[in-house]
Amino acid sequence: MSRALPRTFMVQPLSRFSGPLPGYTRPAEVASYSHDKHRQLHHDDRALAYYHAARVGETDLNTGYPDRYIKRDDGVDERLDGLCEAIQQAKQRKLQEHGTDERLLADVVCFRGVMTRLLCAPYDCSDGFSIRISKYKGTIYLCGETPEEKREAERMRGDRRYPMMDRMGYWGYRFEGYSTIPVPPDQLDRGQEEDTRVRKWKDDYVVDTHQEYCSVFASRLGQTRLLMGAEVDCGKNPGKGEDVMGRYVELKTSKLIKNDRDVRSFERYKLLKFWAQCFLPGIPRIVVGFRDEAGVVRKIQTIQTMEIPRMVRHQSHGWDASVCLKFLDELLMWLKTELSSLPEEVDMDGDIPVHSISMKAPFQSVELDLYTGRDGFLLRQ
Ligand code: A3P
Ligand code: MG
Ligand code: MG
């Protein structure tokens, strides 16, 4: 492994990111896929759930814990395999149907989680991050930190606090169970029988984190074409019309807001993450279940993603969405420039070189580590 001196992209001062805003084109879905309870991948919508509002007061997020909590081993490095497979499939389909796969050509490919972290970086540096990078056939692939680092973080949180964190992790998923049904709502008949059926689905819900529905969408930030995969919580109704992303709904839980301090913390940290996570795929609605200390939902509120920046901009504790976008645009341009000077090579074993970018305390800068590792995360395509 050869290491050169890291190259640095300054984050501070944020006044650097005040120029004209880069455009962000409306995200368009290019593929979707599902993971079943065995974590097997299917190029269909079988894991998509449908939004069906939870009832306040009947939503104890502890229900089913811990016996109905089937957790995926997040120590398994899934890399970008599922996403790349879905993109490959979509490319073949587009070539057959339209004779071109132009819409699927991208400068950067990654899961939405990685891009959310970068988009929030100007204001959220509570824990650093490390992202693996490979360039292949002109496209830059970004992949989240390695499982070893995740395990280390888990150990550092300490055993004593772990049981409560585990329970709170469950609360978020259990809210999904109370807020969704497995069939489109327009297939339900109204009446007592349907109510009983819906209640049974919700009461008997098993949290199984192997199951996931994922949407793959194309967009462009400034000059950078993006292709991202995002886990989607639920859809409003089925069908694949023009605005597919607009049908999706993000579900969130959050601590009940009781005083000014809670308001500040919600607006400063939670709304930043909610906005970044939903803005990127163009998911317009976020349904938030506000829960008490015991995990019972006391209030449900729908927040429109596009209204969030206005809600926080002029607060003293606020943040500016345009700084986030300008920062991300410039960071991606910098990354493209830095990586363009590297030979794009695949060695005799077919390995693709891996680099990384990371951000560590005191969060002044993002460092690009141009080493040539062999801990590859890309399958040859
Ligand atoms: P909340 O976000 O309501 O807390 P997502 O909202 O991104 O779809 O994630 C669904 C749930 O997964 C979260 O619900 C949370 O319970 C759990 N979760 C997500 N990321 C997590 C993490 N890094 N650590 C622990 N739990 C996490
Ligand atoms: Mg989710
Ligand atoms: Mg969610």
# chains A, B, ... in the order shown; residues from 1 in each chain; ligands from 1
>>> closest_atom_pairs(of="chain A", to="ligand 2", cutoff="7 Å", atoms="only C-alpha atoms and all ligand atoms", output="tab-separated table")
residue	atom	partner	partner_atom_place_in_ligand_line	distance
A:Glu231	CA	ligand 2	1 (Mg)	5.5
A:Val232	CA	ligand 2	1 (Mg)	5.3
A:Asp233	CA	ligand 2	1 (Mg)	4.5
A:Glu250	CA	ligand 2	1 (Mg)	6.7
A:Leu251	CA	ligand 2	1 (Mg)	6.9
>>> write_last_selection(atoms="N, CA and C atoms", output="PDB file, in the first residue's frame")
ATOM      1  N   GLU A 231     -32.768   3.687   0.745  1.00  0.00           N
ATOM      2  CA  GLU A 231     -33.780   2.839   1.378  1.00  0.00           C
ATOM      3  C   GLU A 231     -35.002   3.721   1.603  1.00  0.00           C
ATOM      4  N   VAL A 232     -36.149   3.245   1.174  1.00  0.00           N
ATOM      5  CA  VAL A 232     -37.373   4.052   1.272  1.00  0.00           C
ATOM      6  C   VAL A 232     -38.331   3.378   2.257  1.00  0.00           C
ATOM      7  N   ASP A 233     -38.894   4.166   3.167  1.00  0.00           N
ATOM      8  CA  ASP A 233     -39.740   3.589   4.215  1.00  0.00           C
ATOM      9  C   ASP A 233     -41.092   3.126   3.689  1.00  0.00           C
ATOM     10  N   GLU A 250     -41.139   9.434   4.099  1.00  0.00           N
ATOM     11  CA  GLU A 250     -40.110   9.084   5.090  1.00  0.00           C
ATOM     12  C   GLU A 250     -40.749   9.092   6.482  1.00  0.00           C
ATOM     13  N   LEU A 251     -40.437   8.083   7.264  1.00  0.00           N
ATOM     14  CA  LEU A 251     -40.956   7.999   8.631  1.00  0.00           C
ATOM     15  C   LEU A 251     -39.822   8.226   9.617  1.00  0.00           C
TER      16      LEU A 251
END
>>> residues_near_ligand(ligand="ligand 3", cutoff="10 Å", atoms="only C-alpha atoms and all ligand atoms", output="number ranges by chain")
A: 172-173, 175-176, 231-234, 249-253, 274, 277-278, 286-288
>>> select_by_dssp(residues="range 111-199 of chain A", states="strand (DSSP E or B)", output="VMD selection string")
chain A and resid 111 129 to 136 139 to 143 180 to 181
>>> write_last_selection(atoms="C-alpha atoms", output="short mmCIF file (atom, residue, chain, number, x, y, z; two decimals), in the first residue's frame")
data_model
loop_
_atom_site.label_atom_id
_atom_site.label_comp_id
_atom_site.auth_asym_id
_atom_site.auth_seq_id
_atom_site.Cartn_x
_atom_site.Cartn_y
_atom_site.Cartn_z
CA PHE A 111 -25.93 5.18 -1.34
CA PHE A 129 -16.59 9.81 8.96
CA SER A 130 -14.53 7.87 6.56
CA ILE A 131 -15.65 7.04 3.05
CA ARG A 132 -13.98 4.59 0.67
CA ILE A 133 -13.56 5.71 -2.93
CA SER A 134 -12.84 3.90 -6.16
CA LYS A 135 -12.90 5.15 -9.68
CA TYR A 136 -13.84 2.81 -12.46
CA THR A 139 -17.28 6.97 -12.51
CA ILE A 140 -16.42 7.65 -8.87
CA TYR A 141 -17.93 5.21 -6.39
CA LEU A 142 -18.31 6.19 -2.74
CA CYS A 143 -18.87 3.56 -0.07
CA THR A 180 -47.58 1.15 7.19
CA ILE A 181 -49.64 -1.70 5.77
#
>>> select_by_dssp(residues="range 131-317 of chain A", states="helix (DSSP H, G or I)", output="count of residues only")
74
>>> closest_residue(among="A:Gln304, A:Gln89, A:Gln187, A:Ser179", to="ligand 1", atoms="only C-alpha atoms and all ligand atoms")
A:Ser179
>>> residues_around(residues="Arg264 in chain A", least_positions_apart="4", cutoff="9 Å", atoms="only C-alpha atoms", output="short mmCIF file (atom, residue, chain, number, x, y, z; two decimals) with C-alpha atoms, in the first residue's frame")
data_model
loop_
_atom_site.label_atom_id
_atom_site.label_comp_id
_atom_site.auth_asym_id
_atom_site.auth_seq_id
_atom_site.Cartn_x
_atom_site.Cartn_y
_atom_site.Cartn_z
CA ASN A 259 -39.20 23.32 26.04
CA ASP A 260 -37.15 25.85 24.07
CA ARG A 268 -30.51 22.33 14.71
CA TYR A 269 -29.76 18.60 14.48
CA GLN A 315 -32.87 31.10 13.90
CA HIS A 317 -29.15 28.09 16.11
CA GLY A 318 -30.16 27.58 12.47
#
>>> residues_around(residues="range 8-15 of chain A", least_positions_apart="6", cutoff="8 Å", atoms="only C-alpha atoms", output="MDAnalysis selection string")
chainID A and resid 122 323 327 331 334 363:368
>>> atom_distance(atom1="CA of Leu226 in chain A", atom2="CA of Met115 in chain A")
10.0 Å
>>> closest_residue(among="A:Ile357, A:Val244, A:Met165, A:Ala321", to="ligand 1", atoms="only C-alpha atoms and all ligand atoms")
A:Met165
>>> closest_residue(among="A:Gly57, A:Pro20, A:Pro163, A:Gly229", to="Val114 in chain A", atoms="only C-alpha atoms")
A:Gly229
>>> closest_residue(among="A:Tyr24, A:Phe217, A:Phe290, A:Phe279", to="ligand 1", atoms="only C-alpha atoms and all ligand atoms")
A:Phe290
>>> closest_residue(among="A:Asn237, A:Ser215, A:Thr146, A:Thr337", to="Ile87 in chain A", atoms="only C-alpha atoms")
A:Ser215
>>> closest_residue(among="A:Asp166, A:Glu145, A:Asp320, A:Asp369", to="Val76 in chain A", atoms="only C-alpha atoms")
A:Glu145
>>> residues_around(residues="Asp81 in chain A", least_positions_apart="5", cutoff="12 Å", atoms="only C-alpha atoms", output="PyMOL selection string")
chain A and resi 40-41+86-88+109-111+141+143+229+376-381
>>> residues_around(residues="Ile283 in chain A", least_positions_apart="5", cutoff="6 Å", atoms="only C-alpha atoms", output="ChimeraX atom specification")
/A:245-246,248,278
>>> atom_distance(atom1="atom 15 (C, counted along the ligand's line) of ligand 1", atom2="CA of Trp171 in chain A")
6.9 Å
>>> residues_around(residues="Asp204 in chain A", least_positions_apart="4", cutoff="12 Å", atoms="only C-alpha atoms", output="number ranges by chain")
A: 63-65, 67-69, 174, 177-178, 181, 196-200
>>> write_last_selection(atoms="N, CA and C atoms", output="PDB file, in the first residue's frame")
ATOM      1  N   THR A  63     -43.818  -2.374  21.867  1.00  0.00           N
ATOM      2  CA  THR A  63     -44.564  -3.591  21.525  1.00  0.00           C
ATOM      3  C   THR A  63     -43.711  -4.511  20.642  1.00  0.00           C
ATOM      4  N   GLY A  64     -43.549  -5.754  21.104  1.00  0.00           N
ATOM      5  CA  GLY A  64     -42.795  -6.743  20.328  1.00  0.00           C
ATOM      6  C   GLY A  64     -41.314  -6.804  20.676  1.00  0.00           C
ATOM      7  N   TYR A  65     -40.852  -5.881  21.505  1.00  0.00           N
ATOM      8  CA  TYR A  65     -39.418  -5.872  21.846  1.00  0.00           C
ATOM      9  C   TYR A  65     -39.153  -6.760  23.056  1.00  0.00           C
ATOM     10  N   ASP A  67     -38.578  -9.792  21.465  1.00  0.00           N
ATOM     11  CA  ASP A  67     -38.784 -11.077  20.773  1.00  0.00           C
ATOM     12  C   ASP A  67     -39.163 -10.953  19.298  1.00  0.00           C
ATOM     13  N   ARG A  68     -39.736  -9.785  18.912  1.00  0.00           N
ATOM     14  CA  ARG A  68     -40.068  -9.651  17.487  1.00  0.00           C
ATOM     15  C   ARG A  68     -39.129  -8.631  16.816  1.00  0.00           C
ATOM     16  N   TYR A  69     -37.849  -8.787  17.126  1.00  0.00           N
ATOM     17  CA  TYR A  69     -36.819  -7.904  16.556  1.00  0.00           C
ATOM     18  C   TYR A  69     -35.755  -8.778  15.908  1.00  0.00           C
ATOM     19  N   ARG A 174     -40.176   0.202  14.824  1.00  0.00           N
ATOM     20  CA  ARG A 174     -41.546  -0.158  15.232  1.00  0.00           C
ATOM     21  C   ARG A 174     -42.547   0.900  14.780  1.00  0.00           C
ATOM     22  N   GLY A 177     -43.745   0.063  11.550  1.00  0.00           N
ATOM     23  CA  GLY A 177     -44.784  -0.967  11.592  1.00  0.00           C
ATOM     24  C   GLY A 177     -46.163  -0.395  11.892  1.00  0.00           C
ATOM     25  N   TYR A 178     -46.209   0.640  12.710  1.00  0.00           N
ATOM     26  CA  TYR A 178     -47.490   1.267  13.037  1.00  0.00           C
ATOM     27  C   TYR A 178     -47.975   2.196  11.923  1.00  0.00           C
ATOM     28  N   ILE A 181     -48.937  -0.435   5.991  1.00  0.00           N
ATOM     29  CA  ILE A 181     -49.642  -1.701   5.772  1.00  0.00           C
ATOM     30  C   ILE A 181     -49.021  -2.347   4.531  1.00  0.00           C
ATOM     31  N   THR A 196     -60.228  -4.247  11.645  1.00  0.00           N
ATOM     32  CA  THR A 196     -59.669  -5.370  12.404  1.00  0.00           C
ATOM     33  C   THR A 196     -58.432  -5.919  11.696  1.00  0.00           C
ATOM     34  N   ARG A 197     -58.529  -6.014  10.372  1.00  0.00           N
ATOM     35  CA  ARG A 197     -57.413  -6.541   9.578  1.00  0.00           C
ATOM     36  C   ARG A 197     -56.179  -5.640   9.721  1.00  0.00           C
ATOM     37  N   VAL A 198     -56.428  -4.329   9.593  1.00  0.00           N
ATOM     38  CA  VAL A 198     -55.324  -3.368   9.693  1.00  0.00           C
ATOM     39  C   VAL A 198     -54.715  -3.406  11.097  1.00  0.00           C
ATOM     40  N   ARG A 199     -55.572  -3.446  12.100  1.00  0.00           N
ATOM     41  CA  ARG A 199     -55.079  -3.471  13.480  1.00  0.00           C
ATOM     42  C   ARG A 199     -54.212  -4.716  13.727  1.00  0.00           C
ATOM     43  N   LYS A 200     -54.636  -5.828  13.170  1.00  0.00           N
ATOM     44  CA  LYS A 200     -53.883  -7.068  13.346  1.00  0.00           C
ATOM     45  C   LYS A 200     -52.504  -6.973  12.681  1.00  0.00           C
TER      46      LYS A 200
END
